[in-house]
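So this block is coords_34.pdb, PDB, C-alpha atoms:
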```
MODEL        1
ATOM      1  CA  MET R   1       4.906  -5.489  25.177
ATOM      2  CA  ALA R   2       3.995  -7.930  22.407
ATOM      3  CA  LYS R   3       5.907  -7.690  19.155
ATOM      4  CA  VAL R   4       4.748  -8.475  15.607
ATOM      5  CA  LEU R   5       6.850  -8.854  12.486
ATOM      6  CA  LEU R   6       4.936  -7.435   9.530
ATOM      7  CA  VAL R   7       6.056  -8.727   6.114
ATOM      8  CA  GLU R   8       4.341  -6.727   3.364
ATOM      9  CA  SER R   9       5.794  -5.550   0.056
ATOM     10  CA  ASP R  10       3.327  -2.718  -0.534
ATOM     11  CA  GLU R  11       4.480   0.378   1.357
ATOM     12  CA  GLY R  12       0.984   1.862   1.772
ATOM     13  CA  THR R  13      -0.522  -1.372   3.082
ATOM     14  CA  ARG R  14       2.474  -1.902   5.361
ATOM     15  CA  TYR R  15       1.996   1.584   6.817
ATOM     16  CA  LEU R  16      -1.744   1.023   7.343
ATOM     17  CA  TYR R  17      -1.176  -2.286   9.148
ATOM     18  CA  LYS R  18       1.675  -0.851  11.201
ATOM     19  CA  VAL R  19      -0.401   2.089  12.454
ATOM     20  CA  ALA R  20      -3.420  -0.099  13.216
ATOM     21  CA  ILE R  21      -1.346  -2.701  15.084
ATOM     22  CA  ALA R  22       0.658  -0.084  16.987
ATOM     23  CA  PHE R  23      -2.643   1.505  18.074
ATOM     24  CA  GLN R  24      -3.300  -1.790  19.883
ATOM     25  CA  LYS R  25      -0.140  -1.166  21.931
ATOM     26  CA  ILE R  26       1.723  -3.892  20.045
ATOM     27  CA  GLU R  27       5.245  -3.198  18.842
ATOM     28  CA  VAL R  28       5.658  -3.630  15.082
ATOM     29  CA  GLN R  29       8.779  -4.248  13.043
ATOM     30  CA  GLU R  30       8.520  -4.174   9.278
ATOM     31  CA  ALA R  31      10.068  -6.121   6.438
ATOM     32  CA  GLU R  32       9.258  -5.451   2.821
ATOM     33  CA  ASN R  33      10.559  -8.832   1.652
ATOM     34  CA  LEU R  34      11.395 -12.279   2.937
ATOM     35  CA  ASP R  35      15.144 -11.718   3.092
ATOM     36  CA  GLN R  36      14.603  -8.793   5.470
ATOM     37  CA  ALA R  37      12.110 -10.844   7.481
ATOM     38  CA  ILE R  38      14.537 -13.744   7.914
ATOM     39  CA  GLU R  39      17.298 -11.387   9.058
ATOM     40  CA  LEU R  40      14.979  -9.763  11.603
ATOM     41  CA  LEU R  41      13.835 -13.168  12.851
ATOM     42  CA  LYS R  42      17.434 -14.217  13.412
ATOM     43  CA  ARG R  43      18.114 -11.084  15.495
ATOM     44  CA  ASP R  44      14.956 -10.690  17.539
ATOM     45  CA  SER R  45      11.964 -12.467  19.076
ATOM     46  CA  TYR R  46       8.393 -11.985  17.912
ATOM     47  CA  ASP R  47       4.988 -13.062  19.133
ATOM     48  CA  LEU R  48       3.519 -13.245  15.628
ATOM     49  CA  VAL R  49       4.441 -12.927  11.971
ATOM     50  CA  LEU R  50       1.851 -11.239   9.761
ATOM     51  CA  LEU R  51       2.862 -12.340   6.268
ATOM     52  CA  ASP R  52       1.705 -11.190   2.859
ATOM     53  CA  ILE R  53       2.570 -14.081   0.564
ATOM     54  CA  MET R  54       2.648 -11.830  -2.487
ATOM     55  CA  THR R  55       6.101 -10.404  -1.765
ATOM     56  CA  ALA R  56       8.352 -10.434  -4.830
ATOM     57  CA  ASP R  57      10.746 -13.029  -3.401
ATOM     58  CA  PHE R  58       8.079 -15.434  -2.187
ATOM     59  CA  ASP R  59       8.515 -19.016  -3.377
ATOM     60  CA  ASN R  60       5.808 -21.648  -2.858
ATOM     61  CA  LEU R  61       5.267 -21.193   0.863
ATOM     62  CA  ASN R  62       8.925 -22.031   1.585
ATOM     63  CA  ILE R  63       8.847 -19.228   4.119
ATOM     64  CA  PHE R  64       7.736 -21.768   6.717
ATOM     65  CA  ASP R  65      10.992 -23.678   6.320
ATOM     66  CA  GLU R  66      12.886 -20.425   6.687
ATOM     67  CA  LEU R  67      10.816 -19.401   9.705
ATOM     68  CA  LYS R  68      11.507 -22.714  11.412
ATOM     69  CA  LYS R  69      15.228 -22.307  10.780
ATOM     70  CA  ALA R  70      15.184 -18.779  12.191
ATOM     71  CA  LYS R  71      12.750 -19.254  15.112
ATOM     72  CA  ASP R  72      10.560 -22.295  15.531
ATOM     73  CA  GLY R  73       7.088 -21.957  16.982
ATOM     74  CA  ILE R  74       6.189 -18.426  15.950
ATOM     75  CA  PRO R  75       2.525 -18.131  14.970
ATOM     76  CA  VAL R  76       2.091 -17.016  11.359
ATOM     77  CA  VAL R  77      -0.979 -15.336   9.923
ATOM     78  CA  ILE R  78      -1.016 -15.088   6.154
ATOM     79  CA  VAL R  79      -2.783 -12.189   4.501
ATOM     80  CA  SER R  80      -3.158 -12.407   0.762
ATOM     81  CA  ASP R  81      -5.005 -11.145  -2.248
ATOM     82  CA  LEU R  82      -5.151 -14.768  -3.394
ATOM     83  CA  LYS R  83      -8.299 -16.695  -2.644
ATOM     84  CA  ASN R  84      -6.754 -19.999  -3.524
ATOM     85  CA  SER R  85      -7.996 -23.060  -1.667
ATOM     86  CA  SER R  86      -4.872 -25.096  -2.393
ATOM     87  CA  ALA R  87      -2.614 -22.323  -1.065
ATOM     88  CA  MET R  88      -4.853 -21.994   2.004
ATOM     89  CA  LYS R  89      -4.730 -25.736   2.640
ATOM     90  CA  HIS R  90      -0.976 -25.903   2.051
ATOM     91  CA  ALA R  91      -0.370 -22.980   4.416
ATOM     92  CA  SER R  92      -2.437 -24.715   7.089
ATOM     93  CA  ILE R  93      -0.522 -27.971   6.663
ATOM     94  CA  LEU R  94       2.771 -26.101   6.974
ATOM     95  CA  GLY R  95       1.688 -24.407  10.178
ATOM     96  CA  ALA R  96      -0.009 -21.088   9.457
ATOM     97  CA  CYS R  97      -2.526 -20.378  12.181
ATOM     98  CA  ASP R  98      -4.734 -18.422   9.782
ATOM     99  CA  TYR R  99      -5.048 -17.404   6.124
ATOM    100  CA  LEU R 100      -6.955 -14.167   5.585
ATOM    101  CA  VAL R 101      -8.003 -12.989   2.146
ATOM    102  CA  LYS R 102      -7.644  -9.206   2.032
ATOM    103  CA  SER R 103     -10.775  -8.635  -0.050
ATOM    104  CA  GLU R 104     -12.870 -10.601   2.471
ATOM    105  CA  ASN R 105     -11.447  -9.055   5.651
ATOM    106  CA  THR R 106     -11.375  -5.458   6.787
ATOM    107  CA  ILE R 107      -8.296  -4.032   8.452
ATOM    108  CA  GLY R 108     -10.300  -4.300  11.661
ATOM    109  CA  ASP R 109     -10.826  -8.042  11.107
ATOM    110  CA  ILE R 110      -7.113  -8.560  10.548
ATOM    111  CA  ILE R 111      -6.166  -6.547  13.621
ATOM    112  CA  LYS R 112      -8.716  -8.447  15.761
ATOM    113  CA  ARG R 113      -7.054 -11.699  14.674
ATOM    114  CA  VAL R 114      -3.596 -10.314  15.493
ATOM    115  CA  ARG R 115      -4.808  -9.139  18.907
ATOM    116  CA  SER R 116      -6.428 -12.510  19.635
ATOM    117  CA  ILE R 117      -3.264 -14.479  18.842
ATOM    118  CA  VAL R 118      -1.017 -12.099  20.787
ATOM    119  CA  ASP R 119      -3.355 -12.235  23.800
ATOM    120  CA  ASP R 120      -3.553 -16.054  23.642
ATOM    121  CA  LYS R 121       0.224 -16.304  23.463
ATOM    122  CA  ALA R 122       0.596 -13.999  26.484
ATOM    123  CA  LYS R 123      -1.611 -16.355  28.537
ATOM    124  CA  THR R 124       0.711 -19.323  27.967
TER     125      THR R 124
ENDMDL
END
```
Go ahead and render the structure in this file as structure tokens.
Amino acid sequence: MAKVLLVESDEGTRYLYKVAIAFQKIEVQEAENLDQAIELLKRDSYDLVLLDIMTADFDNLNIFDELKKAKDGIPVVIVSDLKNSSAMKHASILGACDYLVKSENTIGDIIKRVRSIVDDKAKT
């Protein structure tokens, strides 16, 4: 079974994503901040990280450095309230496979993207 690490500081949003992803028969582990996410990444393997960059301990997209230290090669999809072209470009340069603005994407859109990446990874 595929496994996703969900990093989201808002408890309600985290619950909504978790239920929707789990409905797709994808295992979900949650982290409410980056420190928790890094610890989970060190202990376990994941097929995807779904990352809200608005967590309280987020610092200038440095999460990608931390992700590479913990587990290199994990696809990362950023979900954010920020529609910021420089952040989107920077995330892409650092290796995010997608940057989804919450206000422009339904939960269904986000889950479709998660499913697509997990399915593509399973084929390789």
Checklist outcome for this item: Among R:Lys89, R:Lys102, R:Arg113, R:Lys3, R:Leu48 is approached most closely, using all atoms listed in the file, by R:Lys3
Item to check | All residues 8 Å or closer to R:Gln29, all atoms listed in the file, same chain fewer than 2 positions away omitted, as a list in words | outcome: Lys3, Val4, Leu5, Leu6, Glu27 and Ala31 of chain R
Pull C-alpha atoms from the residues just selected and write them as a tab-separated table (two decimals), in the coordinates of the input.
```tsv
chain	number	residue	atom	x	y	z
R	3	LYS	CA	5.91	-7.69	19.16
R	4	VAL	CA	4.75	-8.48	15.61
R	5	LEU	CA	6.85	-8.85	12.49
R	6	LEU	CA	4.94	-7.44	9.53
R	27	GLU	CA	5.24	-3.20	18.84
R	31	ALA	CA	10.07	-6.12	6.44
```
Item to check | Point-to-point distance from atom CA of R:Ile117 to atom CA of R:Leu41, Å rounded to tenths | outcome: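 Between atom CA of R:Ile117 and atom CA of R:Leu41 the gap is 18.2 Å.
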Checklist entry - Can you tell me, as a PyMOL selection string, what residues are no more than 9 Å from R:Ser103 when counting all atoms listed in the file, ignoring any on the same chain fewer than 4 positions away? => result chain R and resi 80-83
Next on the checklist: Between atom CA of R:Leu51 and atom CA of R:Asp120, what is the distance in Å, rounded to a tenth?
Outcome noted: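 Atom-to-atom, atom CA of R:Leu51 to atom CA of R:Asp120, that is 18.9 Å.
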Checklist entry - How many Å lie between atom CA of R:Leu34 and atom CA of R:Thr124, rounded to one decimal? => result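 We find that atom CA of R:Leu34 and atom CA of R:Thr124 lie 28.1 Å from each other.
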Checklist entry - Smallest atom-to-atom distance to R:Gly95: which of R:Ala122, R:Ile107, R:Val114, R:Ile74, using all atoms listed in the file? => result R:Ile74
Item to check | Residue with smallest distance to R:Glu32 - pool R:Met88, R:Ser9, R:Tyr17, R:Ser45, counting only C-alpha atoms | outcome: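 Counting only C-alpha atoms, the residue closest to R:Glu32 is R:Ser9.
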Item to check | Polymer residues at most 6 Å from stretch 75-78 of chain R, all atoms listed in the file, same-chain spacing of 6 or more positions, as a ChimeraX atom specification | outcome: /R:48-52,96-99
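Checking R:Val101, R:Leu16, R:Val28, R:Ile111 one by one against R:Leu40, counting all atoms listed in the file, you find the shortest gap at R:Val28.
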Checklist entry - Which of these residues is nearest to R:Leu94, using all atoms listed in the file: R:Ala37, R:Gly73, R:Glu30, R:Gly108? => result R:Gly73
